[in-house]
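Shown next: upload_37.cif, given as mmCIF, C-alpha atoms and all ligand atoms.
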data_entry
loop_
_atom_site.label_atom_id
_atom_site.label_comp_id
_atom_site.auth_asym_id
_atom_site.auth_seq_id
_atom_site.Cartn_x
_atom_site.Cartn_y
_atom_site.Cartn_z
CA MET Y 4 99.95 122.39 -25.66
CA VAL Y 5 102.88 120.40 -24.36
CA GLU Y 6 102.44 116.70 -23.80
CA LEU Y 7 104.93 115.07 -21.43
CA LYS Y 8 105.91 111.55 -22.51
CA THR Y 9 106.08 108.45 -20.34
CA PRO Y 10 109.36 106.50 -20.09
CA GLY Y 11 107.78 103.87 -22.38
CA GLU Y 12 106.94 106.49 -25.00
CA ILE Y 13 110.46 107.89 -24.82
CA GLU Y 14 111.79 104.37 -25.49
CA ARG Y 15 109.67 104.31 -28.64
CA MET Y 16 111.05 107.66 -29.76
CA ARG Y 17 114.50 106.22 -29.08
CA ILE Y 18 113.82 103.50 -31.65
CA ALA Y 19 112.98 106.13 -34.28
CA GLY Y 20 116.01 108.13 -33.11
CA ALA Y 21 118.40 105.23 -33.63
CA PHE Y 22 117.11 104.81 -37.17
CA VAL Y 23 117.48 108.53 -37.93
CA ALA Y 24 121.05 108.39 -36.63
CA GLU Y 25 121.82 105.29 -38.68
CA ILE Y 26 120.61 106.94 -41.89
CA LEU Y 27 122.47 110.19 -41.22
CA ALA Y 28 125.68 108.24 -40.55
CA GLU Y 29 125.27 106.44 -43.87
CA LEU Y 30 124.62 109.75 -45.67
CA ARG Y 31 127.76 111.26 -44.12
CA GLU Y 32 129.76 108.40 -45.64
CA LYS Y 33 128.05 108.61 -49.02
CA ALA Y 34 128.33 112.39 -49.41
CA ALA Y 35 131.37 112.79 -51.68
CA VAL Y 36 132.50 114.87 -54.62
CA GLY Y 37 130.34 114.03 -57.66
CA VAL Y 38 127.48 112.47 -55.69
CA ASN Y 39 124.10 113.91 -56.70
CA LEU Y 40 121.70 115.18 -54.02
CA LEU Y 41 118.94 113.15 -55.66
CA GLU Y 42 120.97 109.96 -55.05
CA LEU Y 43 121.04 110.79 -51.33
CA GLU Y 44 117.28 111.40 -51.37
CA MET Y 45 116.74 108.00 -53.01
CA ILE Y 46 118.88 106.25 -50.38
CA VAL Y 47 116.77 107.74 -47.59
CA ARG Y 48 113.50 106.97 -49.36
CA GLU Y 49 114.47 103.34 -49.85
CA LYS Y 50 115.71 102.87 -46.27
CA ILE Y 51 112.51 104.34 -44.83
CA ARG Y 52 110.39 102.15 -47.09
CA ARG Y 53 112.25 98.95 -46.20
CA ARG Y 54 112.06 99.68 -42.47
CA GLY Y 55 108.31 100.36 -42.64
CA ALA Y 56 108.93 103.82 -41.16
CA GLN Y 57 107.05 107.01 -42.12
CA SER Y 58 108.70 110.16 -43.45
CA CYS Y 59 107.62 113.27 -41.55
CA TYR Y 60 108.55 115.40 -44.56
CA TRP Y 61 106.71 113.68 -47.39
CA GLY Y 62 103.46 115.56 -47.90
CA TYR Y 63 104.24 118.09 -45.15
CA ALA Y 64 102.70 121.48 -45.90
CA PRO Y 65 103.64 123.93 -43.13
CA SER Y 66 103.08 127.70 -43.28
CA PHE Y 67 106.83 128.25 -43.81
CA GLY Y 68 107.01 126.22 -47.03
CA ARG Y 69 105.23 125.84 -50.34
CA GLY Y 70 103.68 122.49 -49.55
CA PRO Y 71 103.37 119.63 -49.86
CA PHE Y 72 107.05 118.65 -49.53
CA ARG Y 73 107.81 115.74 -51.85
CA ASN Y 74 111.07 114.43 -50.43
CA THR Y 75 112.22 112.51 -47.36
CA VAL Y 76 115.33 114.48 -46.41
CA CYS Y 77 116.33 118.15 -46.40
CA LEU Y 78 119.67 118.75 -48.14
CA SER Y 79 121.07 122.27 -47.79
CA VAL Y 80 124.32 123.19 -49.55
CA ASN Y 81 126.69 126.06 -48.64
CA ASP Y 82 124.61 129.22 -48.04
CA ALA Y 83 121.44 127.08 -47.87
CA VAL Y 84 120.82 126.04 -44.28
CA LEU Y 85 117.25 124.90 -43.59
CA HIS Y 86 114.57 122.97 -45.48
CA GLY Y 87 116.84 122.48 -48.51
CA LEU Y 88 114.83 120.85 -51.28
CA PRO Y 89 116.88 118.06 -52.88
CA PHE Y 90 117.57 118.88 -56.53
CA ASP Y 91 119.70 117.71 -59.44
CA TYR Y 92 123.12 118.81 -58.18
CA ALA Y 93 126.43 116.95 -58.00
CA LEU Y 94 128.43 117.81 -54.86
CA CYS Y 95 131.66 119.77 -55.40
CA ASP Y 96 134.94 119.79 -53.48
CA GLY Y 97 134.57 121.89 -50.34
CA ASP Y 98 130.75 121.99 -50.33
CA VAL Y 99 129.15 122.32 -46.89
CA LEU Y 100 126.17 119.96 -46.82
CA THR Y 101 123.52 119.90 -44.10
CA MET Y 102 121.31 116.82 -43.96
CA ASP Y 103 118.15 117.06 -41.85
CA LEU Y 104 115.91 114.03 -41.33
CA ALA Y 105 112.71 113.37 -39.39
CA LEU Y 106 110.68 110.16 -39.48
CA SER Y 107 108.37 108.14 -37.30
CA ILE Y 108 108.23 104.47 -36.39
CA ASP Y 109 104.94 103.17 -34.99
CA GLY Y 110 103.75 106.76 -34.60
CA TRP Y 111 106.75 108.13 -32.68
CA VAL Y 112 108.97 110.80 -34.23
CA ALA Y 113 112.67 111.62 -34.12
CA ASP Y 114 114.42 114.51 -35.88
CA ALA Y 115 118.14 115.20 -36.32
CA ALA Y 116 120.52 117.08 -38.58
CA THR Y 117 124.23 117.00 -39.26
CA THR Y 118 126.59 119.02 -41.44
CA VAL Y 119 129.44 117.48 -43.41
CA ILE Y 120 132.11 119.10 -45.56
CA VAL Y 121 132.62 117.29 -48.84
CA GLY Y 122 136.21 116.73 -50.02
CA THR Y 123 138.72 119.35 -48.92
CA PRO Y 124 137.40 121.45 -46.04
CA ASP Y 125 137.98 125.19 -45.81
CA PRO Y 126 139.21 125.78 -42.21
CA GLU Y 127 136.72 128.62 -41.75
CA ASP Y 128 133.87 126.32 -42.78
CA GLN Y 129 135.18 123.71 -40.36
CA ARG Y 130 135.14 126.27 -37.57
CA LEU Y 131 131.52 127.13 -38.39
CA VAL Y 132 130.41 123.47 -38.41
CA ARG Y 133 132.21 122.81 -35.11
CA ALA Y 134 130.57 125.87 -33.57
CA THR Y 135 127.10 124.43 -34.25
CA GLU Y 136 128.22 121.08 -32.79
CA GLU Y 137 129.63 122.83 -29.74
CA ALA Y 138 126.41 124.83 -29.38
CA LEU Y 139 124.37 121.64 -29.59
CA ALA Y 140 126.48 119.97 -26.88
CA SER Y 141 126.20 123.04 -24.68
CA ALA Y 142 122.44 123.27 -25.27
CA ILE Y 143 121.99 119.64 -24.29
CA GLU Y 144 124.08 120.15 -21.16
CA ALA Y 145 121.73 123.04 -20.26
CA ALA Y 146 118.65 120.82 -20.74
CA GLN Y 147 118.55 119.71 -17.10
CA PRO Y 148 115.26 119.12 -15.30
CA GLY Y 149 114.45 122.25 -13.32
CA ASN Y 150 116.03 124.52 -15.93
CA ARG Y 151 113.95 126.35 -18.53
CA VAL Y 152 113.84 126.65 -22.30
CA GLY Y 153 115.64 130.00 -22.01
CA ASP Y 154 118.67 128.20 -20.55
CA ILE Y 155 118.93 126.11 -23.72
CA SER Y 156 118.48 129.17 -25.94
CA ALA Y 157 121.07 131.17 -24.00
CA ALA Y 158 123.58 128.31 -24.16
CA ILE Y 159 123.28 128.25 -27.97
CA SER Y 160 123.69 131.97 -28.49
CA ALA Y 161 126.60 132.12 -26.02
CA VAL Y 162 128.55 129.66 -28.16
CA ALA Y 163 127.66 131.59 -31.33
CA ARG Y 164 128.82 134.82 -29.73
CA SER Y 165 132.08 133.27 -28.54
CA HIS Y 166 132.85 132.44 -32.18
CA GLY Y 167 131.61 135.79 -33.51
CA TYR Y 168 128.61 134.38 -35.39
CA PRO Y 169 125.27 136.21 -35.44
CA VAL Y 170 122.12 134.29 -34.43
CA ASN Y 171 118.75 134.16 -36.18
CA THR Y 172 115.80 133.55 -33.86
CA GLU Y 173 113.03 132.85 -36.39
CA PHE Y 174 113.80 129.15 -36.82
CA GLY Y 175 114.96 127.00 -33.96
CA GLY Y 176 114.14 123.88 -32.00
CA HIS Y 177 110.75 122.50 -31.07
CA GLY Y 178 108.84 119.95 -29.09
CA LEU Y 179 108.11 116.69 -30.90
CA GLY Y 180 106.81 113.19 -30.29
CA ARG Y 181 103.53 112.21 -31.88
CA THR Y 182 104.21 114.84 -34.57
CA MET Y 183 107.35 116.57 -35.81
CA HIS Y 184 106.51 120.07 -34.65
CA GLU Y 185 104.97 120.55 -31.21
CA ASP Y 186 105.30 123.15 -28.49
CA PRO Y 187 107.46 124.57 -27.05
CA HIS Y 188 109.47 126.58 -29.57
CA ILE Y 189 113.15 126.75 -28.67
CA ALA Y 190 114.74 129.86 -30.09
CA ASN Y 191 118.48 129.87 -30.63
CA HIS Y 192 118.79 132.93 -28.41
CA GLY Y 193 117.06 133.66 -25.13
CA LYS Y 194 117.27 134.60 -21.48
CA PRO Y 195 118.58 132.12 -18.87
CA GLY Y 196 115.96 131.17 -16.30
CA ARG Y 197 113.05 132.23 -18.53
CA GLY Y 198 110.50 130.36 -20.58
CA PHE Y 199 108.88 126.96 -20.40
CA PRO Y 200 110.14 124.74 -17.54
CA LEU Y 201 112.07 121.61 -18.50
CA ARG Y 202 110.24 118.74 -16.81
CA PRO Y 203 110.99 115.02 -17.06
CA GLY Y 204 109.04 113.66 -20.02
CA LEU Y 205 109.54 116.72 -22.20
CA THR Y 206 110.94 115.71 -25.59
CA ILE Y 207 112.48 118.37 -27.82
CA ALA Y 208 114.58 118.83 -30.90
CA VAL Y 209 117.45 121.24 -30.28
CA GLU Y 210 118.89 122.72 -33.45
CA PRO Y 211 121.54 125.44 -33.48
CA TRP Y 212 122.29 126.74 -36.97
CA PHE Y 213 124.52 129.67 -37.82
CA ALA Y 214 125.48 131.66 -40.89
CA LYS Y 215 128.98 133.17 -40.84
CA THR Y 216 128.14 136.82 -41.21
CA THR Y 217 124.38 137.41 -41.06
CA ASP Y 218 121.31 136.69 -38.96
CA ARG Y 219 119.02 137.29 -41.91
CA ILE Y 220 117.58 134.68 -44.23
CA VAL Y 221 115.94 134.49 -47.65
CA THR Y 222 113.75 131.78 -49.17
CA ASP Y 223 114.48 130.37 -52.63
CA PRO Y 224 111.98 130.54 -55.49
CA ASP Y 225 111.42 126.80 -54.80
CA GLY Y 226 109.40 127.97 -51.79
CA TRP Y 227 111.38 125.84 -49.29
CA THR Y 228 115.14 126.28 -49.28
CA ILE Y 229 116.25 128.87 -46.73
CA ARG Y 230 119.61 130.62 -47.27
CA SER Y 231 121.72 133.18 -45.52
CA ALA Y 232 120.69 136.59 -46.88
CA ASP Y 233 124.30 137.59 -47.63
CA GLY Y 234 125.31 134.31 -49.25
CA SER Y 235 127.72 133.40 -46.43
CA ARG Y 236 128.15 129.75 -45.57
CA THR Y 237 126.01 128.05 -42.97
CA ALA Y 238 125.91 124.97 -40.75
CA HIS Y 239 123.31 123.17 -38.64
CA SER Y 240 123.41 120.44 -35.98
CA GLU Y 241 120.35 118.89 -34.38
CA HIS Y 242 119.43 116.14 -31.93
CA THR Y 243 116.18 114.96 -30.44
CA ILE Y 244 116.50 114.74 -26.66
CA ALA Y 245 114.34 113.75 -23.71
CA ILE Y 246 114.43 115.47 -20.33
CA THR Y 247 114.69 112.70 -17.73
CA PRO Y 248 114.96 112.83 -13.93
CA ASP Y 249 118.67 112.01 -14.40
CA GLY Y 250 119.27 114.74 -16.97
CA PRO Y 251 119.06 115.09 -20.74
CA ARG Y 252 119.11 111.93 -22.87
CA ILE Y 253 119.97 112.05 -26.58
CA LEU Y 254 117.53 109.93 -28.59
CA THR Y 255 119.05 110.37 -32.07
CA VAL Y 256 122.13 108.19 -31.61
CA VAL Y 257 122.79 104.74 -33.02
N1 LIG J 301 113.33 118.83 -39.71
C1 LIG J 301 113.05 120.22 -39.91
C2 LIG J 301 113.09 120.79 -38.52
O1 LIG J 301 114.02 120.52 -37.86
C3 LIG J 301 111.75 120.45 -40.61
C4 LIG J 301 111.79 120.25 -42.08
S1 LIG J 301 110.21 120.39 -42.70
C5 LIG J 301 110.30 120.09 -44.36
O2 LIG J 301 112.24 121.43 -38.00
F1 LIG J 301 109.10 120.02 -44.78
F2 LIG J 301 110.97 121.02 -44.91
F3 LIG J 301 110.92 118.94 -44.60
CO CO J 302 113.80 119.92 -36.14
#
What is this structure when it is put down as structure tokens?
Ligand code: MF3
Ligand code: CO
Amino acid sequence: MVELKTPGEIERMRIAGAFVAEILAELREKAAVGVNLLELEMIVREKIRRRGAQSCYWGYAPSFGRGPFRNTVCLSVNDAVLHGLPFDYALCDGDVLTMDLALSIDGWVADAATTVIVGTPDPEDQRLVRATEEALASAIEAAQPGNRVGDISAAISAVARSHGYPVNTEFGGHGLGRTMHEDPHIANHGKPGRGFPLRPGLTIAVEPWFAKTTDRIVTDPDGWTIRSADGSRTAHSEHTIAITPDGPRILTVV
């Protein structure tokens, strides 16, 4: 079921979105050579606690993971791309780190992800990260009222194709609001003009992620961390947006 949100409800998601964006911006600054992933997890945990917000991850036990999740942020390094379980690891020069965060404030959820390169970036990694950012921008541009979910999906895969990256369609974006994962599913590849109609009040997380040379994934023995099957590097960019009568509105910005 898809629940359309009122303008007032979207404003409440916007409050959660600003906090998600604030935390991700702080993590981008903190992520440096030698910093341990567990330090980043503790920063997020403490900020959520002080704000009186709720983590959407803590205790989450979806079918795609070995629940319950016992962290507040997903940290995925290099070939890891989704649902990375924070572990005792000090970041190295050139690491590609994706940070994915969802939380709620007063019952309203926001979800966003960003990828940062630690220390000296490899130009090919930079190209990959920028491709996911470009795909996210293009997907948001396609999220106009009157369009359909397939327009968003097609926009994402078109950018991937233009850069020569394959696209996995198992994990993608999703509706959200009262909970983190709601309908509709938003695959990262699809047909323009097809799928669920984008109506004002629809709130969705759009999340292009690419691996350099494969569309296949494997799950770690930890039961959560998803990696590219061939070990190639990955990147992921995500925003929560609302469809409004005036067009798409990004909710996960400061
Ligand atoms: N935020 C992720 C998403 O975009 C979900 C992570 S679920 C977790 O859909 F349990 F792994 F944290
Ligand atoms: Co998401």
Contacts of region 170-177 of chain Y within 7 Å, all atoms listed in the file, excl. fewer than 3 positions in-chain, as a ChimeraX atom specification: /Y:160,163,184-192,207-211,213,218-219
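Between ligand CO 302 (chain J) and the residues Y:Pro203, Y:Pro71, Y:Pro169, Y:Gly178, the shortest atom-to-atom distance, using all atoms listed in the file, involves Y:Gly178.
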Given 6 Å and only C-alpha atoms and all ligand atoms, residues near ligand LIG 301 (chain J) as a PyMOL selection string: chain Y and resi 60+63+72+77+86+103-105+114
Those same residues, written as a PDB file, in the coordinates of the input with C-alpha atoms?
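For reference, again.pdb as written:
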ATOM      1  CA  TYR Y  60     108.550 115.400 -44.560  1.00  0.00           C
ATOM      2  CA  TYR Y  63     104.240 118.090 -45.150  1.00  0.00           C
ATOM      3  CA  PHE Y  72     107.050 118.650 -49.530  1.00  0.00           C
ATOM      4  CA  CYS Y  77     116.330 118.150 -46.400  1.00  0.00           C
ATOM      5  CA  HIS Y  86     114.570 122.970 -45.480  1.00  0.00           C
ATOM      6  CA  ASP Y 103     118.150 117.060 -41.850  1.00  0.00           C
ATOM      7  CA  LEU Y 104     115.910 114.030 -41.330  1.00  0.00           C
ATOM      8  CA  ALA Y 105     112.710 113.370 -39.390  1.00  0.00           C
ATOM      9  CA  ASP Y 114     114.420 114.510 -35.880  1.00  0.00           C
TER      10      ASP Y 114
END
Using only C-alpha atoms, which residues sit within 12 Å of Pro10 (chain Y) once same-chain residues fewer than 2 positions away are excluded, as a JSON list (two decimals) with C-alpha atoms, keeping the file's coordinate frame?
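around_12.json, written as the output of this step:
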[["chain", "number", "residue", "atom", "x", "y", "z"],
["Y", 7, "LEU", "CA", 104.93, 115.07, -21.43],
["Y", 8, "LYS", "CA", 105.91, 111.55, -22.51],
["Y", 12, "GLU", "CA", 106.94, 106.49, -25.00],
["Y", 13, "ILE", "CA", 110.46, 107.89, -24.82],
["Y", 14, "GLU", "CA", 111.79, 104.37, -25.49],
["Y", 15, "ARG", "CA", 109.67, 104.31, -28.64],
["Y", 16, "MET", "CA", 111.05, 107.66, -29.76],
["Y", 17, "ARG", "CA", 114.50, 106.22, -29.08],
["Y", 203, "PRO", "CA", 110.99, 115.02, -17.06],
["Y", 204, "GLY", "CA", 109.04, 113.66, -20.02],
["Y", 205, "LEU", "CA", 109.54, 116.72, -22.20],
["Y", 206, "THR", "CA", 110.94, 115.71, -25.59],
["Y", 245, "ALA", "CA", 114.34, 113.75, -23.71],
["Y", 246, "ILE", "CA", 114.43, 115.47, -20.33],
["Y", 247, "THR", "CA", 114.69, 112.70, -17.73],
["Y", 248, "PRO", "CA", 114.96, 112.83, -13.93],
["Y", 252, "ARG", "CA", 119.11, 111.93, -22.87]]
Best match for closeness to ligand CO 302 (chain J) among Y:Gly55, Y:Gly167, Y:Gly180, Y:Gly110, counting all atoms listed in the file: Y:Gly180
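Between ligand CO 302 (chain J) and the residues Y:Thr117, Y:Thr9, Y:Thr237, Y:Gln57, the shortest atom-to-atom distance, using all atoms listed in the file, involves Y:Thr117.
Here CA of Pro224 (chain Y) and CA of Thr118 (chain Y) stand 23.3 Å from one another.
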Student task, region 107-193 of chain Y output with C-alpha atoms as a CSV table (one decimal), in the first residue's frame:
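Below is the file that was written, selection_4.csv:
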chain,number,residue,atom,x,y,z
Y,107,SER,CA,13.0,9.1,12.6
Y,108,ILE,CA,12.0,12.2,14.6
Y,109,ASP,CA,8.5,12.2,16.1
Y,110,GLY,CA,7.6,9.1,14.0
Y,111,TRP,CA,8.7,10.5,10.6
Y,112,VAL,CA,11.6,8.9,8.7
Y,113,ALA,CA,14.3,10.2,6.4
Y,114,ASP,CA,17.0,8.1,4.7
Y,115,ALA,CA,20.1,9.2,2.8
Y,116,ALA,CA,23.5,7.9,1.8
Y,117,THR,CA,26.7,9.4,0.5
Y,118,THR,CA,30.1,8.1,-0.6
Y,119,VAL,CA,33.4,9.7,0.3
Y,120,ILE,CA,36.9,8.8,-0.8
Y,121,VAL,CA,39.3,8.8,2.1
Y,122,GLY,CA,42.8,10.4,1.5
Y,123,THR,CA,44.1,10.3,-2.0
Y,124,PRO,CA,41.3,9.4,-4.5
Y,125,ASP,CA,41.9,7.1,-7.4
Y,126,PRO,CA,40.5,8.9,-10.5
Y,127,GLU,CA,38.5,5.8,-11.5
Y,128,ASP,CA,36.9,5.7,-8.1
Y,129,GLN,CA,36.1,9.3,-8.3
Y,130,ARG,CA,34.4,8.8,-11.7
Y,131,LEU,CA,32.3,6.0,-10.1
Y,132,VAL,CA,31.2,8.1,-7.1
Y,133,ARG,CA,30.3,11.0,-9.4
Y,134,ALA,CA,28.3,8.7,-11.6
Y,135,THR,CA,26.1,7.7,-8.7
Y,136,GLU,CA,25.7,11.4,-7.8
Y,137,GLU,CA,24.8,12.3,-11.4
Y,138,ALA,CA,22.4,9.4,-11.5
Y,139,LEU,CA,20.7,10.6,-8.3
Y,140,ALA,CA,20.4,14.2,-9.7
Y,141,SER,CA,19.0,12.8,-12.9
Y,142,ALA,CA,16.6,10.5,-11.0
Y,143,ILE,CA,15.3,13.4,-8.9
Y,144,GLU,CA,14.8,15.6,-12.1
Y,145,ALA,CA,12.7,12.7,-13.5
Y,146,ALA,CA,10.6,12.6,-10.3
Y,147,GLN,CA,8.0,15.1,-11.6
Y,148,PRO,CA,4.3,14.8,-10.8
Y,149,GLY,CA,2.6,13.0,-13.7
Y,150,ASN,CA,5.7,10.9,-14.4
Y,151,ARG,CA,6.0,7.3,-13.2
Y,152,VAL,CA,8.4,5.2,-11.1
Y,153,GLY,CA,9.8,3.8,-14.4
Y,154,ASP,CA,11.0,7.3,-15.4
Y,155,ILE,CA,13.1,7.5,-12.3
Y,156,SER,CA,14.5,3.9,-12.8
Y,157,ALA,CA,15.3,4.7,-16.5
Y,158,ALA,CA,17.0,7.9,-15.6
Y,159,ILE,CA,19.3,6.0,-13.2
Y,160,SER,CA,20.2,3.2,-15.6
Y,161,ALA,CA,20.8,5.7,-18.5
Y,162,VAL,CA,23.5,7.5,-16.4
Y,163,ALA,CA,25.1,4.1,-15.5
Y,164,ARG,CA,25.1,3.1,-19.1
Y,165,SER,CA,26.6,6.4,-20.3
Y,166,HIS,CA,29.5,5.6,-17.9
Y,167,GLY,CA,29.8,2.0,-18.8
Y,168,TYR,CA,28.7,0.6,-15.4
Y,169,PRO,CA,26.3,-2.4,-15.1
Y,170,VAL,CA,23.2,-2.0,-13.0
Y,171,ASN,CA,21.8,-4.4,-10.4
Y,172,THR,CA,18.0,-4.3,-9.9
Y,173,GLU,CA,17.6,-6.3,-6.7
Y,174,PHE,CA,18.2,-3.4,-4.3
Y,175,GLY,CA,17.0,0.1,-5.1
Y,176,GLY,CA,14.9,2.9,-3.8
Y,177,HIS,CA,11.6,2.7,-1.8
Y,178,GLY,CA,8.7,4.5,-0.4
Y,179,LEU,CA,9.2,5.7,3.2
Y,180,GLY,CA,7.5,7.9,5.8
Y,181,ARG,CA,6.1,6.3,8.9
Y,182,THR,CA,8.5,3.4,8.3
Y,183,MET,CA,11.8,3.1,6.5
Y,184,HIS,CA,10.7,0.7,3.8
Y,185,GLU,CA,7.3,1.2,2.2
Y,186,ASP,CA,5.9,0.7,-1.3
Y,187,PRO,CA,6.7,1.4,-4.1
Y,188,HIS,CA,10.0,-0.3,-4.9
Y,189,ILE,CA,12.1,1.8,-7.2
Y,190,ALA,CA,14.5,-0.3,-9.2
Y,191,ASN,CA,17.6,1.2,-10.6
Y,192,HIS,CA,16.6,0.2,-14.1
Y,193,GLY,CA,13.2,0.3,-15.7
